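Peer 1: Sharing a structure, written as structure tokens. Questions coming.
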Amino acid sequence: MTALPAAPEFVEAAPEWGRLNPRMIVVRPLNELIGLLPVLVGLIFLGNVETWRIVTSVGLVALIVTFGLLSWLTTKYRITDTHVELHKGVVFRQRRSIPRDRVRTVDLTAKLGHRLFGLAAVRVGTGQQERSPGEGTVVLDAVTAAEADRLRQAFLHRPTTQVAVEAEATEDEGVPIAGLDTRWYRYAPLTLSGFLTIGITFGFIANFANEWDFRFSEVGAIREGFGWISQTDWGTVVPVTAGAVAVLSVFASLANYLLQNHNFRLTRQADGTVRVRRGLLTTRSVSIEEKRLRGAALHEPLLLRAGGGARLTAITTGLNRAGGSSLLLPPAPRAEADRVCADVLAIDQPPTSTPLTTHPPRARARRIVRAVVPNLLLVVVLAVLDTAAGWPMWTWLAAIALLPLSVLLGLSRYASLGHALTDRYLVSRSGSLDRRTVALQRTGVLGWKLTRTVFQRRAGVFTLTAVTAAGSGGYHVIDIGDQQGLDLVDEAVPDLIGQFLR
Amino acid sequence: MSAEWRLRAPANLVSRRAIVQWALRAGLFWVFVLAVHGGIALFSDEPPGWLRYTAIGAAVVGVVHVAVMPQWRYRVHRWETTADAVFTRSGWVTQEWRLAPISRIQTVDTGRGPLQQLLKLSTVTITTASAQGPLKIDGLDATVAAKVVDELSATTQATPGDAT
């Protein structure tokens with residue numbers, strides 16, 4: 001073998017393999033036990049004290065603690081000049097290595113257990129498309145909060161800018177873009193989070209009681225409640241129950257908003273990233289490389305829209321869509337969301353408030369048909385079940401009563417449909433129950449997909465999908481007119497479709 | 001078709017043998033469905049009464065599908081590569097047009113299933129950095145496919161950028 005040329009000097013010495021912080025031996029089991037607390041309490045305190053319950057509980061705890069120790073022992077990581085490497089896995093060994101120059105986002109998450117011990121989990125995302133889940137990400141769970149912050153800065157600084165950045169203060173607070181306003185709490189009840197929480201809690205309790213043979217009738221308050229329901233007529237029970245659920249869900253949604261968005265701050269850092277920090281018990285810090293930001297999506301679910309609010313998320317490569325890591329702004333006034341959108345994307349006019357071109361009237365007919373047909377099918381099925389299986393008649397009568405609402409939904413969906421082209425962004429809006437306005441950078445469009453069903457062809461519309469590497473990979477413009485759609489493609493990315501037009 | 005649809009079809013047809021491929025593929029599926037019906041009828045002590053009707057239904061739908069779909073697909077499936085773009089059309093009842101600039105292509109490769117090996121056909125798969133899935137040209141003659149891959153690989157490599 002001939003002598004290789006001398007290796008280039010390392011900017012940063014390739015460190016030895018490191019382990020995660022030893023406190024994780026305690027923290028991981030603790031975090032999992034906090035989650036399992038209701039089950040353990042149920043096992044030990046509800047029902048009779050039986051030996052098998054105590055044995056199960058002790059076994060469960062022992063298993064979790066052992067697993068925590070083993071996973072600490074088997075996990076090691078190192079950050080070399082070029083790569084982030086992670087080896088882990090108790091049963092299945094996993095080796096993951098991602099090039100540092102592919103790092104697009106860094107997400108620091110500290111759950112309650114982590115925070116008690118001054119730790120944070122670091123999730124590093126690349127722009128790589130994942131063939132298997134988690135392929136493009138490395139999670140270091142966990143290192144000390146100070147080390148996490150050092151890693152965040154190290155990952156997002158390119159070697160070329162390293163010197164300049166290190167000269168700057170290590171505690172880089174950034175330029176604020178937005179911060180939590182306590183008045184925004186008024187939007188919390190307009191999200192369905194409270195309602196969902198109640199539903200999940202109720203389902204959990206019911207399932208749990210069923211599993212462990214727990215009788216609700218043994219609890220005085222619940223027995224009285226059921227007694228009241230069985231003795232009172234429906235005219236009173238329904239409004240009272242609905243009222244109770246409404247009040248509870250308002251409180252639950254406020255609590256959710258507090259837990260998730262406490263101390264929310266959106267800042268622009270000197271290292272070319274935007275950074276979101278939020279959370280009460282579990283704190284999160286998500287850093288997104290601005291160069292990789294491909295746009296933003298404004299979410300206006302029905303209720304929130306009625307209250308004049310909106311939520312903003314980032315469209316970027318390297319963020320997994322799950323877990324709300326792409327959130328840029330929690331439910332806040334619509335005007336604020338527009339302002340933040342423009343500020344984050346560093347442009348003067350927010351693309352999300354651009355006046356949109358409407359779609360042809362035949363798209364309206366299609367929206368109505370698509371809203372009404374499932375409803376009609378429901379009516380037919382219920383009516384058949386009435387005659388065939390003796391289901392009560394009111395079910396299909398109620399389904400018929402829903403038809404006008406379906407028509408309204410279709411009309412509202414049509415009213416949402418629209419698209420626009422600004423000098424740098426393609427804007428598209430659709431949906432009614434969950435209306436989304438997407439602003440996608442025109443230079444981020446990797447290609448186009450045009451889909452036409454038989455019905456769409458006859459109506460002279462088609463669905464246009466802008467294919468991109470960021471976010472969900474494709475953003476739709478639904479039922480755009482043939483002429484306007486082809487013009488849009490031609491204008492948004494010049495010199496591409498032109499050669500194929502007649 | 002609407003007069004406003006100015007997008008012309010891609011220039012090239014796929015191989016005529018692709019009709020056989022699609023027919024065989026659909027035929028095998030429907031034969032399998034009928035075989036399951038037959039299996040139940042043979043081995044069950046008390047075959048359900050509706051089994052006869054679903055079997056007849058599957059047979060009718062299967063025959064129509066095998067008779068209509070391949071010809072229809074052959075008329076729809078088309079492809080074209082130019083100096084700076086790849087353009088494909090696929091589907092039958094629902095049609096899908098895909099358009100990708102050469103500069104955004106990441107990988108180009110061919111794949112051949114067992115049926116395709118028998119018929120000397122290939123599928124060319126052109127991936128971009130998107131989760132929307134690759135562009136596929138199904139049912140190309142194997143030699144044509146190899147040529148397309150070579151050409152595209154050459155032009156893709158000559159185009160700078162990381163294709164995201």
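In the structure tokens, chains take letters A, B, ... by order of appearance, with residues numbered from 1 within each chain and ligands from 1 in the order shown.
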Could you write out, as a VMD selection string, all the residues of segment 10-153 of chain B that DSSP marks as alpha helix (DSSP H)?
Peer 2: chain B and resid 17 to 43 51 to 76 114 to 119 142 to 153
Peer 1: Do a neighbour search on Ser430 of chain A at 9 Å with only C-alpha atoms, toss out local chain neighbours closer than 3 positions, and write the hits as a PyMOL selection string.
Peer 2: chain A and resi 413-418+434-438+476-478
Peer 1: Using only C-alpha atoms and a distance of at most 9 Å, pull out the residues of chain B that contact chain A, as a ChimeraX atom specification.
Peer 2: /B:1-10,84-85,87,93-101,103-105,128-133,163-164
Peer 1: Within 10 Å of segment 46-63 of chain B, counting only C-alpha atoms, which residues qualify if same-chain residues fewer than 5 places away don't, as a count of residues only?
Peer 2: 15
Peer 1: Within 8 Å of Thr75 of chain A, counting only C-alpha atoms, which residues qualify if same-chain residues fewer than 4 places away don't, as a list of chain:residue names?
Peer 2: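 Skipping anything fewer than 4 positions along the chain leaves A:Arg19, A:Leu20, A:Ser71, A:Leu86, A:His87, A:Lys88, A:Gly89.
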Peer 1: What's the 9 Å shell around Leu259 of chain A, counting only C-alpha atoms, without same-chain residues fewer than 6 positions away, as a list in words?
Peer 2: Arg278, Gly279, Leu280, Leu281, Thr282 and Thr283 of chain A
Peer 1: Which residue, A:Arg183, A:His114, A:Arg96, A:Arg123, has the smallest gap to Val26 of chain A when you use only C-alpha atoms?
Peer 2: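 For Val26 of chain A, the nearest of the candidates is A:His114.
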Peer 1: Rounded to one decimal place, report the atom CA of Ile200 of chain A-atom CA of Arg115 of chain A distance in Å.
Peer 2: 26.2 Å
Peer 1: Among chain B, which ones does DSSP assign to strand (DSSP E) (computed from the backbone)? Answer as a PyMOL selection string.
Peer 2: chain B and resi 12-13+78-81+85-91+95-101+107-111+121-127+135-141
Peer 1: Which segment 134-157 of chain B residues have any atom within 12 Å of an atom of segment 71-75 of chain B, and for each, what is the nearest pair of atoms with distance in Å to one decimal, counting only C-alpha atoms, rows sorted by chain and number, as a tab-separated table?
Peer 2:
residue	atom	partner	partner_atom	distance
B:Ile137	CA	B:Tyr74	CA	11.9
B:Asp138	CA	B:Tyr74	CA	10.4
B:Gly139	CA	B:Tyr74	CA	9.4
B:Leu140	CA	B:Tyr74	CA	11.2
Peer 1: Deliver the residues from the most recent selection as a file, using N, CA, C and O atoms, as an mmCIF file, in the first residue's frame.
Peer 2:
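Result went into part_14.cif, see below:
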data_model
loop_
_atom_site.group_PDB
_atom_site.id
_atom_site.type_symbol
_atom_site.label_atom_id
_atom_site.label_comp_id
_atom_site.auth_asym_id
_atom_site.auth_seq_id
_atom_site.Cartn_x
_atom_site.Cartn_y
_atom_site.Cartn_z
ATOM 1 N N ILE B 137 -41.358 4.474 -14.379
ATOM 2 C CA ILE B 137 -41.795 4.122 -15.725
ATOM 3 C C ILE B 137 -41.894 2.606 -15.747
ATOM 4 O O ILE B 137 -40.890 1.901 -15.708
ATOM 5 N N ASP B 138 -43.140 2.112 -15.756
ATOM 6 C CA ASP B 138 -43.410 0.680 -15.621
ATOM 7 C C ASP B 138 -43.550 0.064 -17.004
ATOM 8 O O ASP B 138 -44.206 0.636 -17.878
ATOM 9 N N GLY B 139 -42.935 -1.094 -17.210
ATOM 10 C CA GLY B 139 -43.135 -1.830 -18.446
ATOM 11 C C GLY B 139 -42.312 -1.359 -19.625
ATOM 12 O O GLY B 139 -42.765 -1.408 -20.771
ATOM 13 N N LEU B 140 -41.088 -0.901 -19.362
ATOM 14 C CA LEU B 140 -40.198 -0.537 -20.459
ATOM 15 C C LEU B 140 -39.469 -1.784 -20.933
ATOM 16 O O LEU B 140 -39.153 -2.666 -20.140
#
Peer 1: Which distance in Å separates atom CA of Ser353 of chain A and atom CA of Glu336 of chain A, to one decimal?
Peer 2: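 Spanning atom CA of Ser353 of chain A to atom CA of Glu336 of chain A is a straight-line distance of 11.3 Å.
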Peer 1: Neighbours of Pro70 of chain B within 10 Å (only C-alpha atoms; same-chain residues fewer than 6 positions away dropped), as a list in words?
Peer 2: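 So, after excluding close chain neighbours, the residues are Ala18, Ile19, Val20, Gln21, Trp22, Ala23, Leu24, Arg25, Ala26, Val76 and Trp92 of chain B.
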